[in-house]
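Dropping input-v1.csv in here (CSV, C-alpha atoms):
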```csv
chain,number,residue,atom,x,y,z
Y,191,SER,CA,-118.9,-53.7,-185.8
Y,192,SER,CA,-121.1,-54.2,-182.7
Y,193,ASP,CA,-124.2,-52.6,-184.3
Y,194,VAL,CA,-124.1,-55.0,-187.3
Y,195,CYS,CA,-123.5,-58.0,-185.0
Y,196,SER,CA,-126.4,-57.0,-182.7
Y,197,SER,CA,-128.7,-56.4,-185.7
Y,198,ASP,CA,-127.9,-59.9,-187.1
Y,199,LEU,CA,-128.5,-61.6,-183.8
Y,200,ILE,CA,-131.9,-59.8,-183.2
Y,201,ARG,CA,-132.9,-60.5,-186.8
Y,202,ARG,CA,-132.2,-64.2,-186.3
Y,203,SER,CA,-134.4,-64.2,-183.2
Y,204,LEU,CA,-137.2,-62.5,-185.0
Y,205,ASN,CA,-137.1,-64.9,-187.8
Y,206,GLY,CA,-137.2,-67.7,-185.2
Y,207,THR,CA,-139.5,-67.7,-182.2
Y,208,GLY,CA,-139.5,-64.0,-181.6
Y,209,ALA,CA,-137.3,-61.4,-179.8
Y,210,ALA,CA,-137.1,-59.5,-176.6
Y,211,ALA,CA,-134.1,-57.2,-176.7
Y,212,VAL,CA,-132.5,-54.1,-175.2
Y,213,VAL,CA,-130.0,-52.1,-177.4
Y,214,MET,CA,-128.1,-49.5,-175.5
Y,215,GLY,CA,-125.2,-47.1,-176.2
Y,216,ARG,CA,-124.1,-43.5,-176.1
Y,217,ARG,CA,-125.6,-41.0,-178.5
Y,218,ARG,CA,-124.9,-41.5,-182.2
Y,219,ARG,CA,-123.9,-45.1,-181.9
Y,220,GLY,CA,-126.3,-46.4,-184.5
Y,221,LYS,CA,-129.2,-47.5,-182.2
Y,222,THR,CA,-131.9,-45.8,-184.3
Y,223,SER,CA,-130.3,-47.0,-187.5
Y,224,LEU,CA,-130.5,-50.6,-186.1
Y,225,LEU,CA,-134.2,-50.3,-185.4
Y,226,VAL,CA,-134.8,-48.8,-188.8
Y,227,THR,CA,-132.9,-51.7,-190.4
Y,228,LEU,CA,-135.1,-54.2,-188.6
Y,229,ALA,CA,-138.3,-52.3,-189.5
Y,230,ARG,CA,-137.3,-52.3,-193.2
Y,231,ASP,CA,-136.2,-55.9,-193.4
Y,232,PRO,CA,-138.4,-57.7,-196.0
Y,233,GLU,CA,-138.4,-61.0,-194.1
Y,234,ILE,CA,-139.4,-59.4,-190.8
Y,235,ARG,CA,-142.1,-57.2,-192.5
Y,236,SER,CA,-143.7,-60.3,-194.0
Y,237,LYS,CA,-144.0,-62.0,-190.6
Y,238,TYR,CA,-144.8,-59.1,-188.2
Y,239,CYS,CA,-147.2,-56.2,-187.7
Y,240,ILE,CA,-144.6,-53.6,-186.9
Y,241,VAL,CA,-145.2,-50.6,-184.6
Y,242,GLU,CA,-142.4,-48.1,-184.5
Y,243,ASP,CA,-142.1,-45.5,-181.8
Y,244,SER,CA,-139.6,-42.7,-180.8
Y,245,ILE,CA,-139.9,-40.1,-178.1
Y,246,GLU,CA,-138.8,-36.7,-179.2
Y,247,HIS,CA,-140.1,-34.8,-176.2
Y,248,ARG,CA,-138.7,-34.7,-172.7
Y,249,PRO,CA,-138.9,-37.8,-170.5
Y,250,PHE,CA,-142.4,-38.9,-169.3
Y,251,GLU,CA,-143.2,-37.3,-166.0
Y,252,SER,CA,-145.5,-39.8,-164.5
Y,253,TYR,CA,-146.2,-43.6,-164.5
Y,254,LEU,CA,-149.7,-43.0,-165.9
Y,255,SER,CA,-148.4,-41.1,-168.9
Y,256,VAL,CA,-146.0,-44.0,-169.7
Y,257,LEU,CA,-148.9,-46.5,-169.4
Y,258,GLN,CA,-151.1,-44.4,-171.6
Y,259,HIS,CA,-148.4,-44.2,-174.2
Y,260,LEU,CA,-147.9,-48.0,-174.2
Y,261,GLY,CA,-151.6,-48.4,-174.5
Y,262,GLY,CA,-151.7,-46.1,-177.5
Y,263,LEU,CA,-149.0,-48.3,-179.2
Y,264,LEU,CA,-151.0,-51.4,-178.5
Y,265,ASP,CA,-154.1,-49.7,-179.9
Y,266,ARG,CA,-152.1,-48.8,-183.1
Y,267,ALA,CA,-151.3,-52.5,-183.5
Y,268,THR,CA,-155.0,-53.5,-183.0
Y,269,ASN,CA,-156.0,-50.9,-185.7
Y,270,MET,CA,-153.3,-52.1,-188.1
Y,271,LEU,CA,-154.6,-55.7,-187.7
Y,272,GLY,CA,-158.2,-54.5,-188.3
Y,273,ILE,CA,-159.4,-55.8,-185.0
Y,274,ASP,CA,-162.4,-54.3,-183.1
Y,275,ALA,CA,-161.2,-54.3,-179.5
Y,276,ASN,CA,-161.4,-52.1,-176.4
Y,277,SER,CA,-158.9,-49.3,-176.3
Y,278,VAL,CA,-155.9,-50.3,-174.1
Y,279,ARG,CA,-155.1,-46.6,-173.6
Y,280,THR,CA,-158.6,-46.0,-172.2
Y,281,LEU,CA,-158.4,-49.1,-170.0
Y,282,LEU,CA,-155.0,-48.0,-168.6
Y,283,SER,CA,-156.3,-44.5,-168.0
Y,284,GLN,CA,-159.3,-45.7,-165.9
Y,285,ALA,CA,-157.4,-48.3,-163.8
Y,286,PRO,CA,-153.7,-47.8,-164.2
Y,287,SER,CA,-152.4,-50.9,-162.6
Y,288,GLY,CA,-150.7,-51.9,-165.8
Y,289,TRP,CA,-150.3,-55.6,-166.3
Y,290,GLU,CA,-153.9,-56.5,-165.5
Y,291,GLN,CA,-155.3,-54.3,-168.3
Y,292,VAL,CA,-152.6,-55.4,-170.8
Y,293,GLN,CA,-153.3,-59.0,-170.0
Y,294,GLN,CA,-157.0,-58.4,-170.7
Y,295,TRP,CA,-156.1,-56.9,-174.0
Y,296,LEU,CA,-153.8,-59.9,-174.9
Y,297,SER,CA,-156.6,-62.4,-174.1
Y,298,GLU,CA,-159.3,-60.5,-176.0
Y,299,THR,CA,-157.2,-59.8,-179.0
Y,300,SER,CA,-156.0,-63.4,-179.2
Y,301,ALA,CA,-159.5,-64.7,-179.0
Y,302,SER,CA,-160.7,-62.5,-181.9
Y,303,LEU,CA,-157.9,-63.6,-184.3
Y,304,PRO,CA,-158.6,-66.1,-187.0
Y,305,LYS,CA,-155.0,-67.1,-187.3
Y,306,GLN,CA,-151.6,-66.7,-185.6
Y,307,VAL,CA,-150.4,-63.0,-185.6
Y,308,HIS,CA,-147.0,-61.6,-184.6
Y,309,ILE,CA,-146.6,-58.0,-183.4
Y,310,LEU,CA,-143.2,-56.3,-183.2
Y,311,LEU,CA,-142.8,-53.1,-181.0
Y,312,LEU,CA,-139.7,-51.1,-181.9
Y,313,LEU,CA,-139.3,-48.5,-179.1
Y,314,ASP,CA,-136.5,-45.9,-179.5
Y,315,GLU,CA,-135.3,-43.4,-176.8
Y,316,PHE,CA,-136.6,-45.9,-174.2
Y,317,GLN,CA,-134.6,-44.2,-171.4
Y,318,LYS,CA,-137.3,-41.5,-171.5
Y,319,TRP,CA,-139.9,-44.0,-170.5
Y,320,LEU,CA,-138.0,-44.8,-167.3
Y,321,SER,CA,-135.8,-41.9,-166.1
Y,322,ALA,CA,-138.4,-40.0,-164.1
Y,323,LEU,CA,-140.1,-43.0,-162.6
Y,324,ARG,CA,-139.7,-44.3,-159.1
Y,325,THR,CA,-137.9,-47.7,-158.7
Y,326,GLU,CA,-141.2,-49.6,-158.0
Y,327,GLN,CA,-142.8,-48.0,-161.1
Y,328,ARG,CA,-139.9,-49.0,-163.3
Y,329,ARG,CA,-140.2,-52.5,-161.9
Y,330,ASP,CA,-143.9,-52.6,-162.7
Y,331,LEU,CA,-143.5,-51.3,-166.2
Y,332,LEU,CA,-140.6,-53.6,-167.0
Y,333,GLY,CA,-142.7,-56.5,-165.6
Y,334,THR,CA,-145.5,-55.5,-168.0
Y,335,LEU,CA,-143.2,-55.6,-171.0
Y,336,ARG,CA,-141.8,-58.9,-169.9
Y,337,GLY,CA,-145.4,-60.2,-169.6
Y,338,LEU,CA,-146.2,-59.1,-173.2
Y,339,THR,CA,-143.3,-61.1,-174.6
Y,340,LYS,CA,-143.2,-64.2,-172.3
Y,341,ASN,CA,-145.4,-66.9,-170.8
Y,342,ARG,CA,-148.2,-66.7,-173.4
Y,343,PRO,CA,-150.7,-69.7,-173.3
Y,344,ALA,CA,-149.8,-72.4,-175.8
Y,345,ASP,CA,-153.0,-71.9,-177.7
Y,346,SER,CA,-152.6,-68.1,-178.0
Y,347,ARG,CA,-152.9,-66.8,-181.5
Y,348,LEU,CA,-151.0,-63.6,-180.6
Y,349,SER,CA,-147.3,-63.2,-179.9
Y,350,VAL,CA,-145.5,-59.9,-179.1
Y,351,SER,CA,-141.8,-59.2,-179.7
Y,352,ILE,CA,-140.2,-56.0,-178.3
Y,353,VAL,CA,-136.9,-54.3,-179.1
Y,354,VAL,CA,-136.1,-51.2,-177.1
Y,355,ALA,CA,-133.2,-48.9,-177.7
Y,356,GLY,CA,-131.8,-46.1,-175.5
Y,357,LEU,CA,-128.8,-44.5,-173.9
Y,358,SER,CA,-126.3,-46.3,-171.7
Y,359,ASN,CA,-128.2,-45.3,-168.6
Y,360,LEU,CA,-130.7,-48.0,-169.4
Y,361,ARG,CA,-128.1,-50.3,-167.8
Y,362,ASP,CA,-128.9,-48.8,-164.5
Y,363,PHE,CA,-132.7,-48.4,-165.0
Y,364,ILE,CA,-133.3,-52.1,-165.7
Y,365,GLN,CA,-131.4,-53.2,-162.6
Y,366,CYS,CA,-134.6,-53.1,-160.6
Y,367,SER,CA,-136.2,-56.1,-162.4
Y,368,LEU,CA,-134.3,-59.3,-162.5
Y,369,ASP,CA,-137.2,-60.9,-164.4
Y,370,PHE,CA,-136.8,-58.3,-167.2
Y,371,GLN,CA,-133.1,-58.8,-167.3
Y,372,THR,CA,-133.5,-62.5,-167.6
Y,373,ALA,CA,-136.2,-62.3,-170.3
Y,374,PHE,CA,-134.6,-59.6,-172.5
Y,375,ASP,CA,-131.2,-60.0,-174.3
Y,376,THR,CA,-129.0,-57.0,-173.9
Y,377,TYR,CA,-126.7,-55.6,-176.6
Y,378,GLU,CA,-124.4,-52.7,-176.0
Y,379,LEU,CA,-123.1,-50.7,-178.9
Y,380,ARG,CA,-119.6,-49.6,-178.1
Y,381,GLN,CA,-117.0,-47.4,-179.8
Y,382,PHE,CA,-115.2,-48.8,-182.9
Y,383,ASN,CA,-111.9,-50.5,-182.4
Y,384,ALA,CA,-108.9,-49.7,-184.6
Y,385,ALA,CA,-109.7,-52.1,-187.4
Y,386,GLU,CA,-113.4,-50.9,-187.6
Y,387,THR,CA,-112.3,-47.3,-187.5
Y,388,GLU,CA,-109.9,-47.8,-190.4
Y,389,THR,CA,-112.6,-49.6,-192.4
Y,390,LEU,CA,-115.0,-46.7,-191.9
Y,391,VAL,CA,-112.4,-44.1,-192.7
Y,392,ARG,CA,-111.3,-45.9,-195.9
Y,393,SER,CA,-115.0,-46.4,-197.0
Y,394,ASN,CA,-114.6,-43.1,-198.8
Y,395,THR,CA,-112.6,-44.5,-201.7
Y,396,SER,CA,-112.2,-41.1,-203.4
Y,397,ILE,CA,-109.5,-40.2,-200.7
Y,398,ASP,CA,-106.1,-41.8,-200.2
Y,399,PHE,CA,-105.5,-41.8,-196.4
Y,400,ASP,CA,-101.9,-41.8,-195.1
Y,401,LEU,CA,-101.5,-44.5,-192.4
Y,402,ARG,CA,-100.6,-41.7,-189.9
Y,403,THR,CA,-103.8,-39.9,-190.8
Y,404,VAL,CA,-106.0,-43.0,-190.1
Y,405,GLU,CA,-104.4,-43.3,-186.6
Y,406,ARG,CA,-104.8,-39.6,-185.8
Y,407,MET,CA,-108.5,-39.8,-186.8
Y,408,ARG,CA,-108.9,-42.9,-184.6
Y,409,GLN,CA,-107.3,-41.0,-181.7
Y,410,LEU,CA,-109.4,-37.9,-182.2
Y,411,SER,CA,-112.7,-39.7,-182.5
Y,412,GLY,CA,-112.1,-42.3,-179.8
Y,413,GLY,CA,-113.8,-44.8,-182.1
Y,414,ASN,CA,-117.0,-42.7,-182.2
Y,415,SER,CA,-118.5,-43.3,-185.6
Y,416,PHE,CA,-120.3,-39.9,-185.7
Y,417,LEU,CA,-117.0,-38.0,-185.0
Y,418,ILE,CA,-115.2,-40.1,-187.6
Y,419,ASN,CA,-117.8,-39.1,-190.2
Y,420,LEU,CA,-117.6,-35.4,-189.2
Y,421,LEU,CA,-113.9,-35.5,-189.6
Y,422,GLY,CA,-114.1,-37.4,-192.9
Y,423,ASN,CA,-116.7,-34.9,-194.3
Y,424,ASP,CA,-114.5,-31.9,-193.4
Y,425,ILE,CA,-111.4,-33.5,-194.8
Y,426,ALA,CA,-113.2,-34.3,-198.1
Y,427,GLU,CA,-114.3,-30.7,-198.3
Y,428,LEU,CA,-110.8,-29.5,-197.8
Y,429,LEU,CA,-109.3,-31.8,-200.4
Y,430,ARG,CA,-111.9,-30.9,-202.9
Y,431,ALA,CA,-111.1,-27.2,-202.5
Y,432,GLU,CA,-107.4,-28.0,-203.0
Y,433,ARG,CA,-108.1,-30.4,-205.9
Y,434,ARG,CA,-106.2,-33.3,-204.5
Y,435,THR,CA,-107.0,-36.8,-203.2
Y,436,TYR,CA,-104.1,-37.7,-200.8
Y,437,CYS,CA,-104.8,-36.9,-197.2
Y,438,PHE,CA,-101.8,-36.0,-194.9
Y,439,PRO,CA,-101.8,-35.7,-191.1
Y,440,ALA,CA,-101.5,-31.9,-191.5
Y,441,ASP,CA,-104.9,-31.9,-193.2
Y,442,VAL,CA,-106.5,-33.5,-190.1
Y,443,GLU,CA,-104.9,-30.9,-187.9
Y,444,SER,CA,-106.1,-28.1,-190.2
Y,445,VAL,CA,-109.7,-29.5,-189.9
Y,446,VAL,CA,-109.4,-29.7,-186.1
Y,447,ALA,CA,-108.1,-26.1,-185.9
Y,448,SER,CA,-110.9,-24.9,-188.1
Y,449,GLN,CA,-113.5,-26.4,-185.8
Y,450,LEU,CA,-111.9,-25.0,-182.7
Y,451,GLU,CA,-111.9,-21.5,-184.2
Y,452,ARG,CA,-115.7,-21.7,-184.6
Y,453,GLY,CA,-116.1,-22.0,-180.8
Y,454,GLU,CA,-119.6,-22.8,-179.7
Y,455,ASP,CA,-120.9,-22.6,-183.2
Y,456,SER,CA,-118.9,-25.7,-184.1
Y,457,LYS,CA,-121.0,-28.8,-184.9
Y,458,VAL,CA,-118.3,-30.9,-183.1
Y,459,TRP,CA,-118.7,-28.9,-179.9
Y,460,LYS,CA,-122.5,-29.1,-180.1
Y,461,TYR,CA,-122.3,-32.9,-180.3
Y,462,LEU,CA,-119.6,-33.2,-177.6
Y,463,GLN,CA,-121.8,-31.2,-175.2
Y,464,TYR,CA,-124.4,-34.0,-175.3
Y,465,LEU,CA,-121.8,-36.3,-173.8
Y,466,LEU,CA,-121.2,-33.9,-170.9
Y,467,ARG,CA,-124.8,-33.6,-169.8
Y,468,LEU,CA,-126.8,-36.0,-167.6
Y,469,ASP,CA,-128.8,-38.4,-169.8
Y,470,GLU,CA,-127.3,-36.7,-172.8
Y,471,GLU,CA,-130.3,-34.4,-173.0
Y,472,ASP,CA,-130.3,-30.7,-174.1
Y,473,SER,CA,-132.1,-30.0,-170.8
Y,474,GLY,CA,-129.8,-32.1,-168.7
Y,475,ALA,CA,-127.6,-30.7,-166.1
Y,476,GLN,CA,-123.8,-30.9,-166.6
Y,477,ILE,CA,-122.4,-34.2,-165.4
Y,478,PRO,CA,-120.9,-34.0,-161.8
Y,479,GLU,CA,-117.5,-35.3,-163.0
Y,480,PHE,CA,-117.2,-32.5,-165.6
Y,481,GLY,CA,-114.6,-30.5,-163.6
Y,482,SER,CA,-112.4,-33.6,-163.1
Y,483,VAL,CA,-112.5,-34.4,-166.8
Y,484,VAL,CA,-111.5,-30.8,-167.6
Y,485,ALA,CA,-108.7,-31.1,-165.1
Y,486,LEU,CA,-107.5,-34.3,-166.8
Y,487,ALA,CA,-107.6,-32.6,-170.2
Y,488,LYS,CA,-105.6,-29.6,-169.1
Y,489,THR,CA,-103.0,-31.8,-167.3
Y,490,LEU,CA,-102.5,-33.9,-170.5
Y,491,LYS,CA,-102.2,-30.8,-172.7
Y,492,GLN,CA,-100.1,-28.6,-170.3
Y,493,GLY,CA,-97.0,-27.1,-172.0
Y,494,ALA,CA,-98.1,-28.3,-175.4
Y,495,SER,CA,-97.7,-31.9,-174.2
Y,496,MET,CA,-99.1,-34.7,-176.2
Y,497,ARG,CA,-99.2,-37.3,-173.4
Y,498,ALA,CA,-102.0,-39.8,-173.5
Y,499,TYR,CA,-102.3,-40.6,-169.7
Y,500,ALA,CA,-101.8,-38.9,-166.3
Y,501,GLY,CA,-101.9,-40.2,-162.8
Y,502,LEU,CA,-104.2,-38.9,-160.0
Y,503,GLN,CA,-101.4,-37.2,-158.1
Y,504,GLU,CA,-100.2,-35.5,-161.2
Y,505,ILE,CA,-103.7,-34.2,-162.0
Y,506,ALA,CA,-104.3,-33.0,-158.4
Y,507,GLU,CA,-100.9,-31.2,-158.4
Y,508,TYR,CA,-101.8,-29.4,-161.6
Y,509,VAL,CA,-105.1,-28.2,-160.2
Y,510,GLU,CA,-103.7,-27.1,-156.9
Y,511,ALA,CA,-100.8,-25.3,-158.6
Y,512,ALA,CA,-103.4,-23.2,-160.3
Y,513,GLY,CA,-104.8,-22.2,-156.9
Y,514,VAL,CA,-107.9,-24.4,-157.2
Y,515,GLN,CA,-109.2,-26.8,-154.5
Y,516,CYS,CA,-108.9,-30.5,-155.3
Y,517,ASN,CA,-110.1,-33.3,-153.1
Y,518,HIS,CA,-108.1,-36.4,-154.2
Y,519,ASP,CA,-110.8,-38.9,-153.3
Y,520,THR,CA,-113.5,-37.0,-155.2
Y,521,LEU,CA,-111.2,-36.7,-158.2
Y,522,GLN,CA,-110.7,-40.5,-158.2
Y,523,VAL,CA,-114.5,-41.1,-157.9
Y,524,HIS,CA,-115.2,-38.7,-160.7
Y,525,LEU,CA,-112.7,-40.2,-163.1
Y,526,MET,CA,-113.9,-43.7,-162.4
Y,527,LYS,CA,-117.4,-42.6,-163.2
Y,528,ALA,CA,-116.1,-41.0,-166.4
Y,529,VAL,CA,-114.5,-44.3,-167.3
Y,530,ARG,CA,-117.9,-46.0,-166.9
Y,531,ASN,CA,-119.5,-43.4,-169.1
Y,532,GLU,CA,-116.9,-43.9,-171.8
Y,533,LEU,CA,-115.4,-40.4,-171.6
Y,534,VAL,CA,-112.2,-41.5,-169.9
Y,535,GLU,CA,-110.0,-44.7,-170.2
Y,536,ARG,CA,-107.8,-46.1,-167.5
Y,537,THR,CA,-104.6,-48.1,-167.8
Y,538,GLY,CA,-103.1,-49.1,-164.5
Y,539,GLN,CA,-103.4,-46.1,-162.2
Y,540,ARG,CA,-103.3,-43.6,-165.1
Y,541,TYR,CA,-106.1,-41.9,-166.9
Y,542,GLY,CA,-106.6,-40.6,-170.5
Y,543,ILE,CA,-109.5,-39.1,-172.4
Y,544,ILE,CA,-110.9,-41.5,-175.0
Y,545,SER,CA,-111.6,-38.9,-177.6
Y,546,GLY,CA,-108.7,-36.7,-178.5
Y,547,TRP,CA,-111.1,-34.2,-179.9
Y,548,LEU,CA,-112.9,-33.9,-176.6
Y,549,CYS,CA,-109.6,-33.4,-174.9
Y,550,GLU,CA,-108.7,-30.6,-177.3
Y,551,TRP,CA,-112.1,-28.9,-176.7
Y,552,LEU,CA,-112.0,-29.2,-172.9
Y,553,PHE,CA,-108.5,-27.7,-172.9
Y,554,VAL,CA,-109.7,-24.7,-174.9
Y,555,MET,CA,-113.3,-24.3,-173.6
Y,556,GLY,CA,-113.2,-25.7,-170.1
Y,557,ASN,CA,-112.2,-23.8,-166.9
Y,558,LEU,CA,-110.8,-25.4,-163.8
Y,559,VAL,CA,-113.3,-25.5,-161.0
Y,560,PRO,CA,-113.0,-26.7,-157.4
Y,561,ILE,CA,-113.2,-30.5,-157.0
Y,562,LYS,CA,-114.7,-30.9,-153.5
```

Have the structure of the file written as structure tokens, please.
Amino acid sequence: SSDVCSSDLIRRSLNGTGAAAVVMGRRRRGKTSLLVTLARDPEIRSKYCIVEDSIEHRPFESYLSVLQHLGGLLDRATNMLGIDANSVRTLLSQAPSGWEQVQQWLSETSASLPKQVHILLLLDEFQKWLSALRTEQRRDLLGTLRGLTKNRPADSRLSVSIVVAGLSNLRDFIQCSLDFQTAFDTYELRQFNAAETETLVRSNTSIDFDLRTVERMRQLSGGNSFLINLLGNDIAELLRAERRTYCFPADVESVVASQLERGEDSKVWKYLQYLLRLDEEDSGAQIPEFGSVVALAKTLKQGASMRAYAGLQEIAEYVEAAGVQCNHDTLQVHLMKAVRNELVERTGQRYGIISGWLCEWLFVMGNLVPIK
């Protein structure tokens, strides 16, 4: 799968001359697990002073707070190495220009080291560093991170590797710095393909899955490993209760119906709601294209239909027939944005929802709203 491949490539870089990498993907794609795997790797641990970081609070609200946080991480590295050095956090608080203070820390730390030392920063939820910053602030911060990893003097005893992980919106946030994009390798964790989905489903060897069951689980999950595991856990619980090991398509539908009956208390719906909010945050506003995705779901499911795709004209006619306004151009823009955000897939001029489970939920829970 893409997360295993990315982990192997980054590990290879770390075991060589060092790494500068960005790992991005939608929520629950395995980004955090990848960082944990790197941090626990015995070969990497023997070579690097590792500093792990994850932001659990809301995004940083100012450039100064981001710089202070970076300074705190570099101070942690200094303390772990047992070096008596000026606090980078304090330096950045007093004169927050960024790179100049970090460069001073690099030079002073390198000069105080008796031998070559390698630091590895593993930064999770990195989109929270950037989302509230202005474009020029993002550029300055990304330039500072690039400076940490690249263009060190040949006689420097200190090297810094950085692996950042975050949501797919990192793709947009890093566009402001060509230097950063050139210096950092980018890995995008995508949904599982059919073969990877089947491998994950069948990893539970206590259950015999009907071929039709595997395909239905793939269709419902859209290749989302988190949803595959949720489905698998519910199916395992159902089969244990009935004391059997063979899973039929009807068992999958029973699990889906059970989750739908729970409404907003369903763990599936709670997860899917993340995908429908800006930046996938609890506090994020609903994505602008939400109404258009609901319209697509209801078009696909109308009259108990099981169609996979619908055209723009068909969707617009369904919305308008319900007495709701629908601007055709806006509908197209919304659906194309949903394609980019991996909610919707496009084949020719027709659109479908990647996750069948999301389609089921939007059909039941979503209301048609004007598409202006």

Residue nearest Ala506 (chain Y) - candidates Y:Leu421, Y:Met526, Y:Ala485, Y:Ala209, atoms counted: all atoms listed in the file
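Closest candidate: Y:Ala485.
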
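The closest residue to Leu204 (chain Y), picked from Y:Thr268, Y:Gln284, Y:Gln293, Y:Ser351 and counting all atoms listed in the file, is Y:Ser351.
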
Provide the CA of Arg406 (chain Y) to CA of Glu451 (chain Y) distance in Å, to one decimal place.
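We find that CA of Arg406 (chain Y) and CA of Glu451 (chain Y) lie 19.5 Å from each other.
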
Please, what distance in Å, to one decimal, runs between CA of Ala511 (chain Y) and CA of Phe553 (chain Y)?
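These atoms are spaced 16.4 Å apart.
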
Find the nearest atom pair between each residue of region 319-372 of chain Y and region 211-235 of chain Y for residues within 10 Å, count only C-alpha atoms, give distances in Å to one decimal, sort rows by chain and ascending number, and present the table as a Markdown table.
```
| residue | atom | partner | partner_atom | distance |
| --- | --- | --- | --- | --- |
| Y:Ser351 | CA | Y:Ala211 | CA | 8.5 |
| Y:Ile352 | CA | Y:Ala211 | CA | 6.4 |
| Y:Val353 | CA | Y:Ala211 | CA | 4.7 |
| Y:Val354 | CA | Y:Val212 | CA | 5.0 |
| Y:Ala355 | CA | Y:Val213 | CA | 4.5 |
| Y:Gly356 | CA | Y:Met214 | CA | 5.0 |
| Y:Leu357 | CA | Y:Gly215 | CA | 5.0 |
| Y:Ser358 | CA | Y:Gly215 | CA | 4.7 |
| Y:Asn359 | CA | Y:Met214 | CA | 8.1 |
| Y:Leu360 | CA | Y:Met214 | CA | 6.8 |
| Y:Arg361 | CA | Y:Met214 | CA | 7.7 |
| Y:Ile364 | CA | Y:Val212 | CA | 9.7 |
| Y:Phe370 | CA | Y:Ala211 | CA | 9.9 |
| Y:Gln371 | CA | Y:Val212 | CA | 9.2 |
```

The residues within 12 Å of (-150.3, -47.8, -172.9), using only C-alpha atoms and the coordinates of the file, should be reported as a VMD selection string; which are they?
chain Y and resid 253 to 267 277 to 293 295 319 331 334 to 335

So that I can see what lies close to Gln539 (chain Y), please list as a PDB file with C-alpha atoms, in the frame of the given file the residues with an atom at most 12 Å from it, counting all atoms listed in the file and leaving out residues fewer than 6 positions away in the same chain.
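The file below, selection-v2.pdb, is the result:
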```pdb
ATOM      1  CA  TYR Y 499    -102.300 -40.600-169.700  1.00  0.00           C
ATOM      2  CA  ALA Y 500    -101.800 -38.900-166.300  1.00  0.00           C
ATOM      3  CA  GLY Y 501    -101.900 -40.200-162.800  1.00  0.00           C
ATOM      4  CA  LEU Y 502    -104.200 -38.900-160.000  1.00  0.00           C
ATOM      5  CA  GLN Y 503    -101.400 -37.200-158.100  1.00  0.00           C
ATOM      6  CA  GLU Y 504    -100.200 -35.500-161.200  1.00  0.00           C
ATOM      7  CA  ILE Y 505    -103.700 -34.200-162.000  1.00  0.00           C
ATOM      8  CA  GLN Y 522    -110.700 -40.500-158.200  1.00  0.00           C
ATOM      9  CA  LEU Y 525    -112.700 -40.200-163.100  1.00  0.00           C
ATOM     10  CA  MET Y 526    -113.900 -43.700-162.400  1.00  0.00           C
TER      11      MET Y 526
END
```

Which residues are close to Leu310 (chain Y), i.e. within 7 Å by only C-alpha atoms, leaving aside same-chain residues fewer than 4 positions away? Reply as a PDB file with C-alpha atoms, in the frame of the given file.
```pdb
ATOM      1  CA  TYR Y 238    -144.800 -59.100-188.200  1.00  0.00           C
ATOM      2  CA  CYS Y 239    -147.200 -56.200-187.700  1.00  0.00           C
ATOM      3  CA  ILE Y 240    -144.600 -53.600-186.900  1.00  0.00           C
ATOM      4  CA  VAL Y 241    -145.200 -50.600-184.600  1.00  0.00           C
ATOM      5  CA  VAL Y 350    -145.500 -59.900-179.100  1.00  0.00           C
ATOM      6  CA  SER Y 351    -141.800 -59.200-179.700  1.00  0.00           C
ATOM      7  CA  ILE Y 352    -140.200 -56.000-178.300  1.00  0.00           C
TER       8      ILE Y 352
END
```

Applying 9 Å and all atoms listed in the file, which residues near Arg392 (chain Y) remain after dropping the ones on its own chain fewer than 6 positions away? List them as a PyMOL selection string.
chain Y and resi 398-399+404
